[in-house]
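Source file: entry_37.tsv; contents: TSV, C-alpha atoms.
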```tsv
chain	number	residue	atom	x	y	z
W	447	MET	CA	-17.90	29.38	363.98
W	448	GLY	CA	-21.16	28.90	365.88
W	449	ARG	CA	-24.53	28.14	364.31
W	450	CYS	CA	-25.79	31.72	364.89
W	451	SER	CA	-22.69	33.20	363.24
W	452	MET	CA	-23.04	30.86	360.27
W	453	ILE	CA	-26.69	31.83	359.80
W	454	ARG	CA	-25.82	35.56	359.97
W	455	LEU	CA	-23.05	35.04	357.42
W	456	ALA	CA	-25.40	33.15	355.08
W	457	VAL	CA	-28.03	35.90	355.37
W	458	LEU	CA	-25.43	38.59	354.60
W	459	ILE	CA	-24.16	36.68	351.57
W	460	LEU	CA	-27.68	36.13	350.23
W	461	ALA	CA	-28.65	39.76	350.85
W	462	SER	CA	-25.58	41.11	349.08
W	463	ALA	CA	-26.03	38.70	346.17
W	464	THR	CA	-29.67	39.76	345.77
W	465	THR	CA	-28.77	43.45	346.00
W	466	ALA	CA	-26.00	43.18	343.42
W	467	HIS	CA	-28.25	41.21	341.10
W	468	ALA	CA	-31.11	43.65	341.51
W	469	ASP	CA	-28.87	46.58	340.55
W	470	HIS	CA	-27.95	45.04	337.20
W	471	GLU	CA	-28.95	48.03	335.04
W	472	LEU	CA	-26.76	50.35	337.09
W	473	ASP	CA	-23.77	48.04	337.52
W	474	GLY	CA	-20.64	48.75	335.51
W	475	ARG	CA	-21.85	52.14	334.30
W	476	ASP	CA	-19.63	55.11	333.52
W	477	ILE	CA	-20.07	57.27	336.63
W	478	VAL	CA	-17.77	60.02	335.28
W	479	ALA	CA	-19.84	60.30	332.09
W	480	GLY	CA	-23.01	60.15	334.18
W	481	ARG	CA	-21.80	63.04	336.33
W	482	ALA	CA	-21.00	65.12	333.21
W	483	LEU	CA	-24.38	64.32	331.62
W	484	TYR	CA	-26.12	65.16	334.88
W	485	ALA	CA	-24.35	68.54	334.98
W	486	GLU	CA	-25.37	69.28	331.36
W	487	THR	CA	-28.92	67.94	331.46
W	488	CYS	CA	-30.28	67.71	335.00
W	489	ALA	CA	-28.49	70.16	337.28
W	490	ALA	CA	-30.42	73.22	336.05
W	491	CYS	CA	-33.55	71.85	337.73
W	492	HIS	CA	-32.31	69.27	340.23
W	493	GLY	CA	-29.28	71.25	341.45
W	494	THR	CA	-25.55	70.94	340.90
W	495	ASP	CA	-25.27	69.06	344.20
W	496	LEU	CA	-28.46	67.02	343.60
W	497	GLU	CA	-30.24	69.22	346.17
W	498	GLY	CA	-33.42	69.85	344.15
W	499	GLN	CA	-35.50	73.01	344.15
W	500	PRO	CA	-36.73	74.78	347.29
W	501	ASP	CA	-40.05	73.58	348.67
W	502	TRP	CA	-40.00	70.57	346.35
W	503	ARG	CA	-42.92	68.97	348.19
W	504	THR	CA	-45.24	71.96	347.62
W	505	PRO	CA	-47.01	72.11	344.26
W	506	ASP	CA	-47.21	75.40	342.39
W	507	GLU	CA	-50.50	77.03	341.32
W	508	ALA	CA	-50.76	74.58	338.38
W	509	GLY	CA	-50.33	71.61	340.72
W	510	VAL	CA	-46.78	70.83	339.53
W	511	LEU	CA	-44.19	69.92	342.11
W	512	PRO	CA	-40.74	71.55	341.89
W	513	ALA	CA	-37.83	69.30	340.93
W	514	PRO	CA	-37.01	67.02	343.86
W	515	PRO	CA	-33.52	66.39	345.20
W	516	HIS	CA	-31.69	63.32	343.96
W	517	ASP	CA	-29.45	63.14	347.02
W	518	ALA	CA	-30.29	61.00	350.04
W	519	THR	CA	-32.74	63.63	351.35
W	520	GLY	CA	-35.06	63.15	348.37
W	521	HIS	CA	-37.20	60.25	347.26
W	522	THR	CA	-35.35	59.06	344.14
W	523	TRP	CA	-33.97	56.09	346.05
W	524	HIS	CA	-37.55	55.06	346.88
W	525	HIS	CA	-38.13	54.04	343.25
W	526	ASP	CA	-37.00	51.06	341.20
W	527	ASN	CA	-34.58	51.35	338.27
W	528	ALA	CA	-37.28	50.84	335.64
W	529	LEU	CA	-39.42	53.74	336.89
W	530	LEU	CA	-36.41	56.06	337.17
W	531	PHE	CA	-35.37	55.17	333.62
W	532	GLU	CA	-38.90	55.59	332.21
W	533	TYR	CA	-39.43	58.85	334.09
W	534	THR	CA	-36.26	60.25	332.54
W	535	LYS	CA	-36.78	58.88	329.03
W	536	LEU	CA	-40.54	59.42	328.65
W	537	GLY	CA	-41.08	62.30	331.06
W	538	GLY	CA	-43.02	62.12	334.30
W	539	LYS	CA	-46.55	62.33	332.94
W	540	ALA	CA	-46.06	59.62	330.29
W	541	ALA	CA	-44.10	57.32	332.61
W	542	LEU	CA	-46.79	57.46	335.27
W	543	ALA	CA	-49.61	57.13	332.72
W	544	ALA	CA	-47.95	53.94	331.47
W	545	ARG	CA	-48.31	52.65	335.05
W	546	GLY	CA	-51.97	53.65	335.27
W	547	ILE	CA	-51.52	56.99	337.08
W	548	ASP	CA	-53.25	59.59	334.92
W	549	ASP	CA	-53.99	62.33	337.43
W	550	PHE	CA	-50.44	63.44	338.31
W	551	ASN	CA	-49.24	66.68	336.74
W	552	SER	CA	-45.49	66.13	336.51
W	553	GLY	CA	-43.06	68.84	335.50
W	554	MET	CA	-40.40	66.33	334.40
W	555	PRO	CA	-39.87	66.59	330.63
W	556	ALA	CA	-38.95	63.65	328.42
W	557	PHE	CA	-35.24	63.27	327.64
W	558	GLY	CA	-35.55	60.27	325.30
W	559	GLU	CA	-34.54	62.32	322.26
W	560	ALA	CA	-31.80	64.29	324.02
W	561	LEU	CA	-30.12	61.36	325.80
W	562	SER	CA	-29.29	57.81	324.73
W	563	ASP	CA	-30.49	54.94	326.87
W	564	GLU	CA	-26.87	54.38	327.93
W	565	GLY	CA	-26.59	58.04	328.92
W	566	ILE	CA	-29.73	57.80	331.04
W	567	TRP	CA	-28.39	54.69	332.81
W	568	ASP	CA	-25.04	56.43	333.38
W	569	ILE	CA	-26.82	59.42	334.97
W	570	LEU	CA	-28.88	57.15	337.20
W	571	ALA	CA	-25.75	55.23	338.21
W	572	TYR	CA	-24.01	58.51	339.05
W	573	ILE	CA	-26.96	59.63	341.17
W	574	ARG	CA	-27.02	56.29	343.00
W	575	SER	CA	-23.26	56.48	343.60
W	576	THR	CA	-23.79	59.59	345.75
W	577	TRP	CA	-26.16	57.87	348.20
W	578	PRO	CA	-25.04	56.35	351.47
W	579	PRO	CA	-25.00	52.51	351.62
W	580	ARG	CA	-28.38	52.34	353.43
W	581	GLU	CA	-30.19	54.24	350.65
W	582	GLN	CA	-28.37	52.28	347.93
W	583	ALA	CA	-29.42	48.99	349.53
W	584	SER	CA	-32.99	50.19	350.02
W	585	GLN	CA	-33.26	51.26	346.37
W	586	ALA	CA	-31.68	48.02	345.13
W	587	SER	CA	-34.28	46.01	347.06
W	588	ARG	CA	-37.02	47.63	344.94
W	589	ASN	CA	-35.65	46.18	341.70
W	590	ARG	CA	-36.73	42.88	340.26
W	591	PRO	CA	-33.92	40.39	339.83
W	592	HIS	CA	-33.34	39.30	336.22
```
Take the structure I supplied and represent it as structure tokens, if you would.
Amino acid sequence: MGRCSMIRLAVLILASATTAHADHELDGRDIVAGRALYAETCAACHGTDLEGQPDWRTPDEAGVLPAPPHDATGHTWHHDNALLFEYTKLGGKAALAARGIDDFNSGMPAFGEALSDEGIWDILAYIRSTWPPREQASQASRNRPH
């Protein structure tokens, strides 16, 4: 094996190790339970096929955006695990306010009383499992290693 090949192999190993480590909250989750919880709790707004609502980038008259898709066409994979968890548990407005964003009128309700933390993580793991490898890797890179 040449020097260039060895370097490429080392980079691939390090990248995959970092990605796996950065996904820790979503690793080993119950995808089947997550899919069922998604169908019960999320699909009414975000779509049975994770497609979101029509015109999800256009706010309504109150300034609230429709529910975005959670498939690869949306922006869910642009956010780290912690924000996705907080957004689901606390609701959009409270999750963003906790991060210093007070002027965003989110339509996402809080599910912290309706879902357990484990249930939320299972849903997020299910959603991630539907993304192509590129989006999964991109999302994983946004998470802090523990």
Notebook entry, point to check: Which residue out of W:Glu564, W:Asp517, W:Asp549, W:Asp495 has the minimum interatomic distance to Phe531 of chain W when all atoms listed in the file are used?
Noted result: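 Closest residue, counting all atoms listed in the file: W:Glu564.
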Item checked: Distance in Å - atom CA of Gly553 of chain W versus atom CA of Lys539 of chain W ->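 Computing the Euclidean distance for atom CA of Gly553 of chain W and atom CA of Lys539 of chain W yields 7.8 Å.
Between atom CA of Tyr533 of chain W and atom CA of Ala556 of chain W the separation is 7.4 Å.
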Nearest to Phe550 of chain W, restricted to only C-alpha atoms and choosing among W:Val510, W:Ala583, W:Leu472, W:Leu483, comes out as W:Val510
Interatomic distance (Å, one decimal) between atom CA of Glu581 of chain W and atom CA of Ala518 of chain W: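 Calculated distance between atom CA of Glu581 of chain W and atom CA of Ala518 of chain W is 6.8 Å.
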Q. Taking only C-alpha atoms into account, which of W:Asp568, W:Asp506, W:Asp501, W:Glu532 comes nearest Arg475 of chain W?
A.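 For Arg475 of chain W, the nearest of the given residues is W:Asp568.
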Mind checking which residues fall within 7 Å of Gly538 of chain W, counting all atoms listed in the file, ignoring those fewer than 2 positions away in the same chain, and posting them as a list in words?
Tyr533, Leu536, Ala540, Ala541, Leu542, Ser552, Gly553, Met554 and Pro555 of chain W
Export C-alpha atoms of the chosen residues as a PDB file, in the frame of the given file?
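Writing done, so here's part_12.pdb:
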```pdb
ATOM      1  CA  TYR W 533     -39.430  58.850 334.090  1.00  0.00           C
ATOM      2  CA  LEU W 536     -40.540  59.420 328.650  1.00  0.00           C
ATOM      3  CA  ALA W 540     -46.060  59.620 330.290  1.00  0.00           C
ATOM      4  CA  ALA W 541     -44.100  57.320 332.610  1.00  0.00           C
ATOM      5  CA  LEU W 542     -46.790  57.460 335.270  1.00  0.00           C
ATOM      6  CA  SER W 552     -45.490  66.130 336.510  1.00  0.00           C
ATOM      7  CA  GLY W 553     -43.060  68.840 335.500  1.00  0.00           C
ATOM      8  CA  MET W 554     -40.400  66.330 334.400  1.00  0.00           C
ATOM      9  CA  PRO W 555     -39.870  66.590 330.630  1.00  0.00           C
TER      10      PRO W 555
END
```
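Residues with any atom within 12 Å of the point (-32.2, 63.9, 352.8), counting all atoms listed in the file, are Leu496, Glu497, Gly498, Pro514, Pro515, His516, Asp517, Ala518, Thr519, Gly520, His521, Thr522, Trp523, His524, Thr576, Trp577, Pro578 and Glu581 of chain W.
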Give me the residues within 10 Å of Gly474 of chain W as a list of chain:residue names, counting all atoms listed in the file and dropping any in the same chain fewer than 3 places off.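 Contacts, in chain order: W:Asp469, W:His470, W:Glu471, W:Ile477, W:Asp568, W:Ala571.
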Export C-alpha atoms of the chosen residues as a short mmCIF file (atom, residue, chain, number, x, y, z; two decimals), keeping the file's coordinate frame?
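Wrote selection-v5.cif, looks like this:
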```cif
data_model
loop_
_atom_site.label_atom_id
_atom_site.label_comp_id
_atom_site.auth_asym_id
_atom_site.auth_seq_id
_atom_site.Cartn_x
_atom_site.Cartn_y
_atom_site.Cartn_z
CA ASP W 469 -28.87 46.58 340.55
CA HIS W 470 -27.95 45.04 337.20
CA GLU W 471 -28.95 48.03 335.04
CA ILE W 477 -20.07 57.27 336.63
CA ASP W 568 -25.04 56.43 333.38
CA ALA W 571 -25.75 55.23 338.21
#
```
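Distances here use only C-alpha atoms; by that measure, the residue among W:Glu559, W:Tyr484, W:Ala489, W:Ala528 closest to Ala513 of chain W is W:Ala489.
Distances to Ile569 of chain W were evaluated for W:Lys535, W:Arg590, W:His525, W:Arg503 using all atoms listed in the file, and the minimum falls at W:Lys535.
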Please, what is the axis-aligned box for every listed atom of segment 578-587 of chain W with 6 Å on each side, as centre and edge lengths in Å to one decimal, as AutoDock Vina command-line options?
```
--center_x -29.6 --center_y 51.2 --center_z 349.3 --size_x 21.3 --size_y 22.3 --size_z 20.3
```
* Counting all atoms listed in the file, the residue of W:Thr504, W:Thr494, W:Gln499, W:Thr534 that sits nearest Ile566 of chain W ->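 Distance minimum relative to Ile566 of chain W lands on W:Thr534.
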- prompt: Which residues come within 10 Å of Thr487 of chain W, counting only C-alpha atoms, excluding same-chain residues fewer than 4 positions away, as a PyMOL selection string?
  reply: chain W and resi 481-483+491-492+557+560-561+569
Please rebuild segment 491-521 of chain W with N, CA and C atoms and give the result as a compact mmCIF listing (two decimals), in the coordinates of the input.
```
# COMPACT_ATOMS: atom_id res chain seq x y z
N CYS W 491 -32.32 72.00 336.94
CA CYS W 491 -33.55 71.85 337.73
C CYS W 491 -33.29 71.15 339.07
N HIS W 492 -32.49 70.09 339.04
CA HIS W 492 -32.31 69.27 340.23
C HIS W 492 -31.12 69.68 341.09
N GLY W 493 -30.38 70.72 340.65
CA GLY W 493 -29.28 71.25 341.45
C GLY W 493 -27.94 70.62 341.15
N THR W 494 -26.90 71.43 341.19
CA THR W 494 -25.55 70.94 340.90
C THR W 494 -25.09 69.92 341.93
N ASP W 495 -25.61 70.01 343.15
CA ASP W 495 -25.27 69.06 344.20
C ASP W 495 -26.42 68.11 344.49
N LEU W 496 -27.31 67.92 343.50
CA LEU W 496 -28.46 67.02 343.60
C LEU W 496 -29.46 67.45 344.67
N GLU W 497 -29.44 68.73 345.05
CA GLU W 497 -30.24 69.22 346.17
C GLU W 497 -31.69 69.53 345.82
N GLY W 498 -32.05 69.56 344.54
CA GLY W 498 -33.42 69.85 344.15
C GLY W 498 -33.77 71.31 344.32
N GLN W 499 -35.02 71.64 344.01
CA GLN W 499 -35.50 73.01 344.15
C GLN W 499 -36.10 73.23 345.53
N PRO W 500 -36.12 74.49 345.99
CA PRO W 500 -36.73 74.78 347.29
C PRO W 500 -38.20 74.36 347.31
N ASP W 501 -38.65 73.96 348.47
CA ASP W 501 -40.05 73.58 348.67
C ASP W 501 -40.53 72.54 347.66
N TRP W 502 -39.70 71.56 347.39
CA TRP W 502 -40.00 70.57 346.35
C TRP W 502 -41.21 69.70 346.66
N ARG W 503 -41.72 69.75 347.85
CA ARG W 503 -42.92 68.97 348.19
C ARG W 503 -44.20 69.79 348.10
N THR W 504 -44.08 71.06 347.70
CA THR W 504 -45.24 71.96 347.62
C THR W 504 -45.52 72.28 346.16
N PRO W 505 -46.69 71.84 345.66
CA PRO W 505 -47.01 72.11 344.26
C PRO W 505 -47.24 73.60 344.00
N ASP W 506 -46.95 74.02 342.77
CA ASP W 506 -47.21 75.40 342.39
C ASP W 506 -48.70 75.57 342.07
N GLU W 507 -49.08 76.75 341.59
CA GLU W 507 -50.50 77.03 341.32
C GLU W 507 -51.11 76.11 340.26
N ALA W 508 -50.27 75.52 339.39
CA ALA W 508 -50.76 74.58 338.38
C ALA W 508 -50.76 73.14 338.89
N GLY W 509 -50.35 72.95 340.14
CA GLY W 509 -50.33 71.61 340.72
C GLY W 509 -49.06 70.82 340.42
N VAL W 510 -48.04 71.50 339.88
CA VAL W 510 -46.78 70.83 339.53
C VAL W 510 -45.79 71.00 340.68
N LEU W 511 -45.20 69.88 341.07
CA LEU W 511 -44.19 69.92 342.11
C LEU W 511 -42.86 70.39 341.55
N PRO W 512 -42.10 71.18 342.32
CA PRO W 512 -40.74 71.55 341.89
C PRO W 512 -39.87 70.29 341.77
N ALA W 513 -38.74 70.43 341.11
CA ALA W 513 -37.83 69.30 340.93
C ALA W 513 -37.31 68.83 342.28
N PRO W 514 -37.46 67.54 342.56
CA PRO W 514 -37.01 67.02 343.86
C PRO W 514 -35.50 66.82 343.89
N PRO W 515 -34.94 66.70 345.10
CA PRO W 515 -33.52 66.39 345.20
C PRO W 515 -33.28 64.94 344.79
N HIS W 516 -32.10 64.70 344.28
CA HIS W 516 -31.69 63.32 343.96
C HIS W 516 -30.66 62.81 344.96
N ASP W 517 -30.35 63.62 345.98
CA ASP W 517 -29.45 63.14 347.02
C ASP W 517 -30.25 62.28 348.00
N ALA W 518 -29.64 61.89 349.08
CA ALA W 518 -30.29 61.00 350.04
C ALA W 518 -31.48 61.63 350.74
N THR W 519 -31.62 62.97 350.69
CA THR W 519 -32.74 63.63 351.35
C THR W 519 -34.02 63.56 350.52
N GLY W 520 -33.91 63.20 349.26
CA GLY W 520 -35.06 63.15 348.37
C GLY W 520 -35.72 61.79 348.38
N HIS W 521 -36.48 61.52 347.34
CA HIS W 521 -37.20 60.25 347.26
C HIS W 521 -36.79 59.41 346.06
```
